[in-house]
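What follows is the content of target.txt (compact mmCIF, C-alpha atoms).
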# COMPACT_ATOMS: atom_id res chain seq x y z
CA MET A 1 97.49 72.94 -11.01
CA ASN A 2 96.71 71.16 -7.71
CA GLU A 3 96.16 74.49 -5.92
CA PHE A 4 93.95 75.65 -8.78
CA MET A 5 91.81 72.50 -8.70
CA ALA A 6 91.52 72.72 -4.91
CA GLU A 7 90.12 76.23 -5.31
CA THR A 8 87.69 74.88 -7.91
CA GLU A 9 86.61 72.11 -5.53
CA GLN A 10 85.94 74.67 -2.79
CA ARG A 11 83.65 76.56 -5.13
CA SER A 12 81.85 73.47 -6.42
CA THR A 13 81.11 72.30 -2.88
CA GLY A 14 79.94 75.73 -1.76
CA THR A 15 82.69 76.27 0.84
CA HIS A 16 84.28 79.24 -0.89
CA PRO A 17 83.40 82.47 0.94
CA LEU A 18 82.25 84.20 -2.26
CA ASP A 19 80.37 81.17 -3.59
CA GLY A 20 77.22 82.23 -5.48
CA HIS A 21 77.55 85.91 -4.55
CA GLU A 22 80.55 86.87 -6.66
CA ALA A 23 78.87 86.05 -9.99
CA GLY A 24 75.96 88.32 -9.17
CA VAL A 25 78.31 91.18 -8.34
CA ILE A 26 80.25 90.63 -11.58
CA LEU A 27 77.08 90.59 -13.68
CA GLU A 28 75.74 93.76 -12.05
CA ARG A 29 79.06 95.51 -12.57
CA THR A 30 79.14 94.33 -16.17
CA ARG A 31 75.70 95.77 -16.86
CA ALA A 32 76.75 99.07 -15.30
CA SER A 33 79.78 99.23 -17.63
CA VAL A 34 78.36 97.73 -20.82
CA ASP A 35 74.75 98.98 -20.93
CA PRO A 36 75.73 102.62 -21.61
CA GLU A 37 77.93 101.44 -24.51
CA LEU A 38 75.09 99.30 -25.84
CA ARG A 39 72.52 102.07 -25.53
CA SER A 40 74.83 104.52 -27.28
CA ALA A 41 75.38 102.05 -30.13
CA LEU A 42 71.66 101.34 -30.51
CA GLU A 43 70.82 105.04 -30.50
CA SER A 44 73.04 105.43 -33.57
CA LEU A 45 70.76 103.15 -35.61
CA PRO A 46 68.11 104.34 -38.06
CA ALA A 47 64.77 104.84 -36.30
CA SER A 48 63.16 101.74 -37.82
CA MET A 49 65.91 99.41 -36.60
CA ARG A 50 66.44 101.26 -33.32
CA ARG A 51 62.82 100.73 -32.32
CA ILE A 52 63.01 96.95 -32.79
CA ALA A 53 66.40 96.65 -31.12
CA LEU A 54 65.39 98.68 -28.08
CA TYR A 55 62.23 96.58 -27.75
CA HIS A 56 64.24 93.36 -27.99
CA PHE A 57 66.64 94.54 -25.28
CA GLY A 58 63.68 95.40 -23.04
CA TRP A 59 64.39 99.12 -22.96
CA GLU A 60 61.28 100.19 -24.86
CA HIS A 61 57.73 98.97 -25.26
CA ALA A 62 56.43 98.16 -28.73
CA ASP A 63 54.96 101.66 -28.99
CA GLY A 64 58.36 103.25 -28.32
CA THR A 65 57.73 104.36 -24.76
CA PRO A 66 60.47 103.63 -22.20
CA ALA A 67 60.50 100.28 -20.43
CA ALA A 68 62.55 98.85 -17.59
CA GLY A 69 62.65 95.35 -18.99
CA ASN A 70 65.09 92.50 -18.70
CA SER A 71 67.91 92.75 -21.24
CA GLY A 72 69.47 89.43 -20.24
CA LYS A 73 72.01 88.24 -17.69
CA ALA A 74 75.07 89.68 -19.50
CA ILE A 75 77.04 86.47 -19.12
CA ARG A 76 79.03 86.84 -22.35
CA PRO A 77 80.12 90.45 -21.84
CA ALA A 78 80.94 89.56 -18.24
CA LEU A 79 83.26 86.85 -19.51
CA VAL A 80 85.01 89.35 -21.80
CA LEU A 81 85.64 91.80 -18.96
CA THR A 82 86.51 89.15 -16.37
CA ALA A 83 88.94 87.37 -18.68
CA ALA A 84 90.62 90.70 -19.45
CA ALA A 85 90.94 91.46 -15.73
CA ALA A 86 92.24 87.96 -14.95
CA LEU A 87 95.14 88.35 -17.36
CA GLY A 88 95.67 92.10 -17.45
CA GLY A 89 94.18 93.65 -14.32
CA PRO A 90 91.53 96.39 -13.89
CA GLY A 91 92.95 98.55 -16.68
CA ALA A 92 92.49 95.76 -19.20
CA ARG A 93 88.92 95.28 -17.98
CA GLU A 94 88.03 98.91 -18.59
CA ALA A 95 89.70 98.87 -22.02
CA ALA A 96 87.58 95.86 -23.09
CA VAL A 97 84.13 97.41 -22.53
CA ARG A 98 83.58 98.06 -26.22
CA ALA A 99 84.57 94.47 -27.06
CA ALA A 100 82.16 93.23 -24.40
CA ALA A 101 79.35 95.27 -25.96
CA ALA A 102 80.21 93.83 -29.39
CA VAL A 103 79.89 90.29 -28.08
CA GLU A 104 76.52 91.09 -26.50
CA LEU A 105 75.29 92.56 -29.79
CA VAL A 106 76.28 89.39 -31.65
CA HIS A 107 74.54 87.27 -29.01
CA ASN A 108 71.34 89.25 -29.46
CA PHE A 109 71.63 89.03 -33.24
CA THR A 110 71.49 85.25 -32.84
CA LEU A 111 68.52 85.47 -30.47
CA LEU A 112 66.49 87.57 -32.88
CA HIS A 113 67.15 85.12 -35.71
CA ASP A 114 66.70 81.99 -33.59
CA ASP A 115 63.30 83.18 -32.39
CA VAL A 116 62.14 83.58 -35.98
CA MET A 117 63.46 80.19 -37.09
CA ASP A 118 62.24 78.34 -34.00
CA ARG A 119 58.93 80.26 -33.92
CA ASP A 120 59.46 81.01 -30.25
CA ARG A 121 56.80 83.44 -29.09
CA THR A 122 58.24 84.42 -25.70
CA ARG A 123 61.66 85.64 -24.58
CA ARG A 124 62.54 87.31 -21.29
CA HIS A 125 58.90 87.21 -20.21
CA ARG A 126 57.58 89.23 -23.16
CA PRO A 127 56.54 88.57 -26.77
CA THR A 128 59.46 88.00 -29.13
CA ALA A 129 60.30 90.70 -31.66
CA TRP A 130 59.01 88.79 -34.68
CA THR A 131 55.58 88.37 -33.08
CA VAL A 132 55.39 92.15 -32.60
CA PHE A 133 57.10 93.52 -35.72
CA GLY A 134 57.00 90.59 -38.14
CA ASP A 135 59.61 88.15 -39.43
CA ALA A 136 61.29 90.49 -41.90
CA ASP A 137 61.79 93.33 -39.42
CA ALA A 138 63.13 90.99 -36.73
CA ILE A 139 65.62 89.46 -39.18
CA LEU A 140 66.76 92.87 -40.38
CA ALA A 141 67.20 94.08 -36.81
CA GLY A 142 69.35 91.03 -36.10
CA ASP A 143 71.47 91.74 -39.17
CA THR A 144 71.85 95.32 -37.97
CA LEU A 145 73.09 94.23 -34.54
CA GLN A 146 75.76 92.03 -36.11
CA ALA A 147 76.98 94.91 -38.30
CA LEU A 148 76.92 97.23 -35.31
CA ALA A 149 79.09 94.81 -33.31
CA LEU A 150 81.77 94.74 -35.98
CA ARG A 151 81.62 98.53 -36.34
CA LEU A 152 82.27 98.93 -32.61
CA LEU A 153 85.46 96.91 -32.95
CA ALA A 154 86.50 98.55 -36.23
CA GLU A 155 86.29 101.97 -34.57
CA ASP A 156 88.02 100.89 -31.37
CA PRO A 157 91.56 102.35 -31.14
CA HIS A 158 92.75 99.49 -28.90
CA PRO A 159 95.67 97.58 -30.51
CA ALA A 160 93.80 94.26 -30.17
CA SER A 161 90.65 95.44 -31.92
CA ALA A 162 91.52 94.19 -35.41
CA ARG A 163 92.32 90.68 -34.16
CA ALA A 164 89.19 90.78 -32.02
CA ALA A 165 87.03 91.77 -35.02
CA ALA A 166 88.46 88.95 -37.13
CA ARG A 167 87.89 86.45 -34.34
CA LEU A 168 84.32 87.62 -33.79
CA ALA A 169 83.60 87.44 -37.53
CA ASP A 170 84.92 83.86 -37.62
CA CYS A 171 82.71 83.09 -34.65
CA VAL A 172 79.62 84.40 -36.47
CA VAL A 173 80.38 82.06 -39.38
CA GLU A 174 80.63 79.16 -36.92
CA LEU A 175 77.39 80.22 -35.22
CA CYS A 176 75.58 80.24 -38.56
CA ALA A 177 76.94 76.79 -39.42
CA GLY A 178 75.74 75.52 -36.05
CA GLN A 179 72.30 77.01 -36.56
CA HIS A 180 72.14 75.43 -40.02
CA ALA A 181 72.99 72.04 -38.50
CA ASP A 182 70.31 72.53 -35.85
CA THR A 183 67.70 73.42 -38.46
CA ALA A 184 68.71 70.48 -40.67
CA MET A 185 68.30 68.11 -37.74
CA GLU A 186 64.67 69.12 -37.39
CA ALA A 187 63.93 67.47 -40.74
CA LEU A 188 65.52 64.17 -39.67
CA GLY A 189 63.74 61.32 -37.96
CA PRO A 190 64.06 60.80 -34.19
CA ARG A 191 66.61 58.01 -34.69
CA ASP A 192 68.68 59.76 -37.38
CA VAL A 193 70.77 62.08 -35.18
CA THR A 194 73.82 60.92 -33.22
CA LEU A 195 75.15 62.31 -29.96
CA ASP A 196 78.39 63.36 -31.65
CA GLU A 197 76.42 65.37 -34.20
CA VAL A 198 74.29 67.15 -31.63
CA LEU A 199 77.32 67.88 -29.42
CA ALA A 200 79.17 69.39 -32.39
CA MET A 201 76.12 71.49 -33.20
CA ALA A 202 75.86 72.69 -29.59
CA GLU A 203 79.53 73.66 -29.51
CA ALA A 204 79.09 75.73 -32.68
CA LYS A 205 75.83 77.36 -31.55
CA THR A 206 76.68 78.03 -27.91
CA GLY A 207 80.26 77.15 -27.06
CA ALA A 208 81.76 79.16 -29.91
CA LEU A 209 80.51 82.56 -28.73
CA ILE A 210 81.28 81.90 -25.06
CA GLY A 211 84.78 80.80 -26.07
CA CYS A 212 85.11 83.87 -28.28
CA ALA A 213 84.07 86.13 -25.39
CA CYS A 214 86.83 84.72 -23.19
CA ALA A 215 89.37 84.91 -26.04
CA LEU A 216 88.52 88.57 -26.72
CA GLY A 217 89.12 89.35 -23.05
CA ALA A 218 92.52 87.68 -23.31
CA LEU A 219 93.35 89.64 -26.47
CA TYR A 220 92.49 92.94 -24.79
CA ALA A 221 94.74 91.97 -21.90
CA GLY A 222 97.67 91.54 -24.31
CA ALA A 223 97.88 87.78 -23.67
CA GLY A 224 99.90 85.43 -25.86
CA GLU A 225 98.38 83.03 -28.34
CA GLU A 226 98.62 80.07 -25.94
CA GLU A 227 96.61 81.88 -23.27
CA VAL A 228 94.06 83.06 -25.87
CA ARG A 229 93.58 79.47 -27.11
CA ALA A 230 93.27 78.15 -23.57
CA LEU A 231 90.63 80.71 -22.62
CA ASP A 232 88.75 79.96 -25.84
CA GLY A 233 88.83 76.29 -24.82
CA PHE A 234 87.63 77.16 -21.33
CA GLY A 235 84.70 79.07 -22.79
CA ARG A 236 83.80 76.35 -25.27
CA GLU A 237 83.73 73.65 -22.61
CA ALA A 238 81.81 75.88 -20.18
CA GLY A 239 79.50 76.77 -23.05
CA LEU A 240 78.71 73.12 -23.68
CA ALA A 241 78.00 72.67 -19.98
CA PHE A 242 75.76 75.74 -20.20
CA GLN A 243 73.88 74.26 -23.19
CA LEU A 244 73.43 70.92 -21.46
CA ILE A 245 71.87 72.62 -18.44
CA ASP A 246 69.86 74.93 -20.69
CA ASP A 247 68.44 71.92 -22.51
CA VAL A 248 67.47 70.35 -19.18
CA ILE A 249 65.75 73.60 -18.22
CA GLY A 250 64.06 73.68 -21.62
CA ILE A 251 62.24 70.48 -20.67
CA TRP A 252 61.86 70.65 -16.89
CA GLY A 253 62.37 74.35 -16.09
CA ASP A 254 59.87 76.57 -14.28
CA PRO A 255 58.21 78.99 -16.75
CA ARG A 256 58.24 81.68 -14.04
CA SER A 257 62.04 81.58 -14.20
CA THR A 258 62.62 80.71 -17.86
CA GLY A 259 60.12 83.12 -19.41
CA LYS A 260 59.05 80.32 -21.76
CA PRO A 261 56.20 77.78 -21.61
CA ALA A 262 56.94 74.51 -19.83
CA GLY A 263 58.26 71.83 -22.19
CA ALA A 264 58.67 74.29 -25.08
CA ASP A 265 61.56 72.30 -26.56
CA LEU A 266 59.54 69.07 -26.48
CA ALA A 267 56.54 70.77 -28.02
CA ALA A 268 58.78 72.02 -30.85
CA ARG A 269 60.21 68.49 -31.23
CA LYS A 270 63.71 69.87 -30.81
CA LYS A 271 66.50 67.31 -30.79
CA SER A 272 68.13 68.75 -27.70
CA LEU A 273 71.00 67.00 -25.96
CA PRO A 274 68.93 65.15 -23.31
CA VAL A 275 66.42 64.06 -25.96
CA VAL A 276 69.08 62.65 -28.30
CA ALA A 277 70.82 60.92 -25.38
CA ALA A 278 67.47 59.32 -24.49
CA LEU A 279 66.74 58.37 -28.10
CA VAL A 280 70.05 56.51 -28.53
CA SER A 281 69.91 54.79 -25.12
CA GLY A 282 68.40 51.58 -26.51
CA THR A 283 65.88 51.41 -23.67
CA ARG A 284 62.17 50.68 -23.86
CA GLU A 285 61.52 54.31 -23.02
CA SER A 286 63.70 55.39 -25.97
CA ALA A 287 61.37 53.53 -28.32
CA GLU A 288 58.39 55.21 -26.69
CA LEU A 289 60.06 58.60 -27.04
CA ALA A 290 60.86 57.97 -30.72
CA ALA A 291 57.21 57.16 -31.38
CA LEU A 292 56.06 60.30 -29.58
CA TYR A 293 58.56 62.46 -31.47
CA ALA A 294 57.51 60.98 -34.81
CA ALA A 295 53.90 62.01 -34.19
CA PRO A 296 52.51 65.56 -34.31
CA TYR A 297 52.66 67.40 -30.99
CA ALA A 298 49.70 66.90 -28.67
CA GLU A 299 49.54 68.84 -25.42
CA GLU A 300 48.18 65.88 -23.52
CA ASP A 301 51.38 63.93 -24.35
CA LEU A 302 53.77 66.57 -23.00
CA GLU A 303 54.15 65.10 -19.51
CA ARG A 304 54.49 61.59 -20.94
CA THR A 305 57.21 62.77 -23.34
CA ALA A 306 59.22 64.47 -20.58
CA LEU A 307 58.92 61.33 -18.45
CA ALA A 308 60.15 59.16 -21.33
CA VAL A 309 63.24 61.37 -21.74
CA GLU A 310 63.96 61.11 -18.02
CA ARG A 311 63.38 57.36 -17.76
CA ALA A 312 65.55 56.73 -20.81
CA GLY A 313 68.40 58.46 -18.99
CA GLY A 314 68.47 61.74 -20.91
CA ARG A 315 68.30 64.00 -17.88
CA ASP A 316 70.96 62.12 -15.90
CA TRP A 317 73.25 61.92 -18.93
CA ALA A 318 73.01 65.67 -19.51
CA GLN A 319 73.80 66.47 -15.89
CA VAL A 320 76.80 64.11 -15.82
CA GLN A 321 78.04 65.51 -19.13
CA ALA A 322 77.70 69.06 -17.83
CA ALA A 323 79.91 68.19 -14.85
CA ASP A 324 82.47 66.54 -17.15
CA ARG A 325 82.57 69.56 -19.45
CA MET A 326 83.08 71.84 -16.49
CA ALA A 327 86.02 69.72 -15.35
CA ARG A 328 87.54 70.11 -18.81
CA ALA A 329 86.86 73.84 -18.69
CA MET A 330 88.75 74.13 -15.41
CA GLN A 331 91.76 72.38 -16.95
CA GLU A 332 91.79 74.87 -19.82
CA LEU A 333 91.43 77.78 -17.42
CA ALA A 334 94.37 76.56 -15.35
CA ARG A 335 96.53 76.62 -18.51
CA ALA A 336 95.73 80.29 -19.07
CA VAL A 337 95.50 81.65 -15.51
CA SER A 338 97.60 79.77 -12.99
CA ASP A 339 96.69 81.97 -10.02
CA PRO A 340 93.36 80.78 -8.50
CA GLU A 341 92.70 84.23 -7.07
CA ALA A 342 93.01 85.86 -10.50
CA ALA A 343 90.83 83.16 -12.02
CA GLY A 344 88.18 83.50 -9.31
CA GLY A 345 85.77 85.63 -11.31
CA LEU A 346 85.81 83.27 -14.28
CA LEU A 347 85.29 80.31 -11.96
CA SER A 348 82.34 82.06 -10.36
CA LEU A 349 80.72 82.84 -13.71
CA ALA A 350 81.25 79.30 -14.94
CA GLU A 351 79.61 77.94 -11.81
CA PHE A 352 76.73 80.39 -12.15
CA VAL A 353 75.79 79.31 -15.67
CA THR A 354 75.90 75.61 -14.82
CA ARG A 355 73.95 75.82 -11.55
CA ARG A 356 70.82 77.41 -12.91
CA SER A 357 67.49 75.74 -12.26
CA GLY A 358 65.34 77.88 -14.51

Here is a file; write its structure as structure tokens.
Amino acid sequence: MNEFMAETEQRSTGTHPLDGHEAGVILERTRASVDPELRSALESLPASMRRIALYHFGWEHADGTPAAGNSGKAIRPALVLTAAAALGGPGAREAAVRAAAAVELVHNFTLLHDDVMDRDRTRRHRPTAWTVFGDADAILAGDTLQALALRLLAEDPHPASARAAARLADCVVELCAGQHADTAMEALGPRDVTLDEVLAMAEAKTGALIGCACALGALYAGAGEEEVRALDGFGREAGLAFQLIDDVIGIWGDPRSTGKPAGADLAARKKSLPVVAALVSGTRESAELAALYAAPYAEEDLERTALAVERAGGRDWAQVQAADRMARAMQELARAVSDPEAAGGLLSLAEFVTRRSG
């Protein structure tokens, strides 16, 4: 454990020779392996659903002509493949490509639905699918991606595929419960949500799928139940750290990097983690923030609202919490993969998702 944590410390302080670079290589390699599987799966869809899905992934324009758009960072499929390699070597990585594609399909199912429910108009620097094709078509395309993900696993001859399908299905149920909790919170007053509630919601919405991705990689490597649970725990904790940073970016991120308008979460009055931490801080600024959140959104109040969150301690709390969650993630990872060299790719990916600035 001490050797493992020393390796982690090297990475967190930037002294590791592959620091920052390794994650980029992993993500590029993941796209090279997984994109053909994804494209093949999407091409099997009926034309009406295929058109929306290919647009959402950035591979076609709305009129059906080819596009070279941004289909996302591929963090979740990268975790599947890297976890498989960490426990089972290169052969396990190659065997898990279909599982990685299934996880990415489920992730994009959630994005299509979230955009409709949150009324987000921009994703990956282009109009969201519902703004182009309408709510009903975007929802149906999301449903189709979820079914396609489970079909990929059902047709996979790998001996772990049945357990992987069951685990992914359980994860979808948890994701839906988390989204329901998030939606229900929107109807509550600014002071009516606790930090424990919003953390539980974030684990279900974000941590569950990242944990599932890592667990599927372990399953495809033939790992035992203890290692599968530990990697699920690693992913859940890293996922919470990811969500904490994502919520910070949602308030203070650069639109040129995020692909979304500045302060979009504040404008939508979302009870994100930094906002709830600020609201329950008991400070003068928390009272100001509660009053702002109780009133209809006004563009001229956006900067004042962001400042109130920061002065009430929401930004600092989120950043400290993200670091704490990453420390917990490293402990879980050490339980599953004792060799720091074998765990290096997972460490690099975890660092990548928690060091974003936009």

Surrounding residues of Ala342 of chain A excluding itself and chain neighbours under 3 positions, 8 Å, only C-alpha atoms, as a PyMOL selection string
chain A and resi 85-87+337+339+345

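Checking A:Asp265, A:Glu104, A:Asp35, A:Asp324 one by one against Ala306 of chain A, counting only C-alpha atoms, you find the shortest gap at A:Asp265.
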
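With all atoms listed in the file as the atoms that count, the residue of A:Pro261, A:Gly253, A:Pro77, A:Gly313 with the shortest distance to Gly282 of chain A is A:Gly313.
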
Mind checking which residues fall within 9 Å of Met326 of chain A, counting only C-alpha atoms, ignoring those fewer than 6 positions away in the same chain, and posting them as a VMD selection string?
chain A and resid 234 237 to 241 350 to 351 354

Just the selected residues (C-alpha atoms), exported as an mmCIF file, in the frame of the given file, please.
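Heads up, here's the output in selection.cif:
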data_model
loop_
_atom_site.group_PDB
_atom_site.id
_atom_site.type_symbol
_atom_site.label_atom_id
_atom_site.label_comp_id
_atom_site.auth_asym_id
_atom_site.auth_seq_id
_atom_site.Cartn_x
_atom_site.Cartn_y
_atom_site.Cartn_z
ATOM 1 C CA PHE A 234 87.630 77.160 -21.330
ATOM 2 C CA GLU A 237 83.730 73.650 -22.610
ATOM 3 C CA ALA A 238 81.810 75.880 -20.180
ATOM 4 C CA GLY A 239 79.500 76.770 -23.050
ATOM 5 C CA LEU A 240 78.710 73.120 -23.680
ATOM 6 C CA ALA A 241 78.000 72.670 -19.980
ATOM 7 C CA ALA A 350 81.250 79.300 -14.940
ATOM 8 C CA GLU A 351 79.610 77.940 -11.810
ATOM 9 C CA THR A 354 75.900 75.610 -14.820
#

Which residues are close to Leu175 of chain A, i.e. within 10 Å by all atoms listed in the file, leaving aside same-chain residues fewer than 5 positions away? Reply as JSON, numbers by chain.
{"A": [106, 107, 110, 169, 170, 180, 181, 201, 202, 203, 204, 205, 206, 207, 208, 209]}

Contacts of Ala312 of chain A within 6 Å, all atoms listed in the file, excl. fewer than 4 positions in-chain, as a PyMOL selection string
chain A and resi 278+285-286+308

Check the smallest atom-to-atom distance from each of A:Ala92, A:Leu153, A:Leu54, A:Ala277 to Ala223 of chain A using all atoms listed in the file, then report the winner.
A:Ala92

Generate the missing atoms of segment 76-91 of chain A up to N, CA and C atoms and report them as a short mmCIF file (atom, residue, chain, number, x, y, z; two decimals), keeping the file's coordinate frame.
data_model
loop_
_atom_site.label_atom_id
_atom_site.label_comp_id
_atom_site.auth_asym_id
_atom_site.auth_seq_id
_atom_site.Cartn_x
_atom_site.Cartn_y
_atom_site.Cartn_z
N ARG A 76 77.94 86.77 -21.35
CA ARG A 76 79.03 86.84 -22.35
C ARG A 76 79.88 88.10 -22.20
N PRO A 77 79.27 89.28 -22.09
CA PRO A 77 80.12 90.45 -21.84
C PRO A 77 80.86 90.37 -20.51
N ALA A 78 80.25 89.74 -19.52
CA ALA A 78 80.94 89.56 -18.24
C ALA A 78 82.18 88.70 -18.40
N LEU A 79 82.10 87.70 -19.27
CA LEU A 79 83.26 86.85 -19.51
C LEU A 79 84.37 87.64 -20.22
N VAL A 80 84.01 88.51 -21.14
CA VAL A 80 85.01 89.35 -21.80
C VAL A 80 85.76 90.18 -20.75
N LEU A 81 85.02 90.89 -19.93
CA LEU A 81 85.64 91.80 -18.96
C LEU A 81 86.40 91.04 -17.88
N THR A 82 85.86 89.91 -17.44
CA THR A 82 86.51 89.15 -16.37
C THR A 82 87.76 88.46 -16.87
N ALA A 83 87.73 87.97 -18.10
CA ALA A 83 88.94 87.37 -18.68
C ALA A 83 90.03 88.43 -18.85
N ALA A 84 89.64 89.62 -19.30
CA ALA A 84 90.62 90.70 -19.45
C ALA A 84 91.25 91.04 -18.11
N ALA A 85 90.42 91.13 -17.06
CA ALA A 85 90.94 91.46 -15.73
C ALA A 85 91.82 90.35 -15.19
N ALA A 86 91.46 89.09 -15.47
CA ALA A 86 92.24 87.96 -14.95
C ALA A 86 93.66 87.95 -15.50
N LEU A 87 93.82 88.40 -16.73
CA LEU A 87 95.14 88.35 -17.36
C LEU A 87 95.84 89.71 -17.40
N GLY A 88 95.05 90.79 -17.29
CA GLY A 88 95.67 92.10 -17.45
C GLY A 88 95.33 93.11 -16.38
N GLY A 89 94.51 92.74 -15.40
CA GLY A 89 94.18 93.65 -14.32
C GLY A 89 93.03 94.59 -14.66
N PRO A 90 92.68 95.48 -13.72
CA PRO A 90 91.53 96.39 -13.89
C PRO A 90 91.62 97.26 -15.13
N GLY A 91 92.81 97.71 -15.50
CA GLY A 91 92.95 98.55 -16.68
C GLY A 91 92.53 97.83 -17.94
#
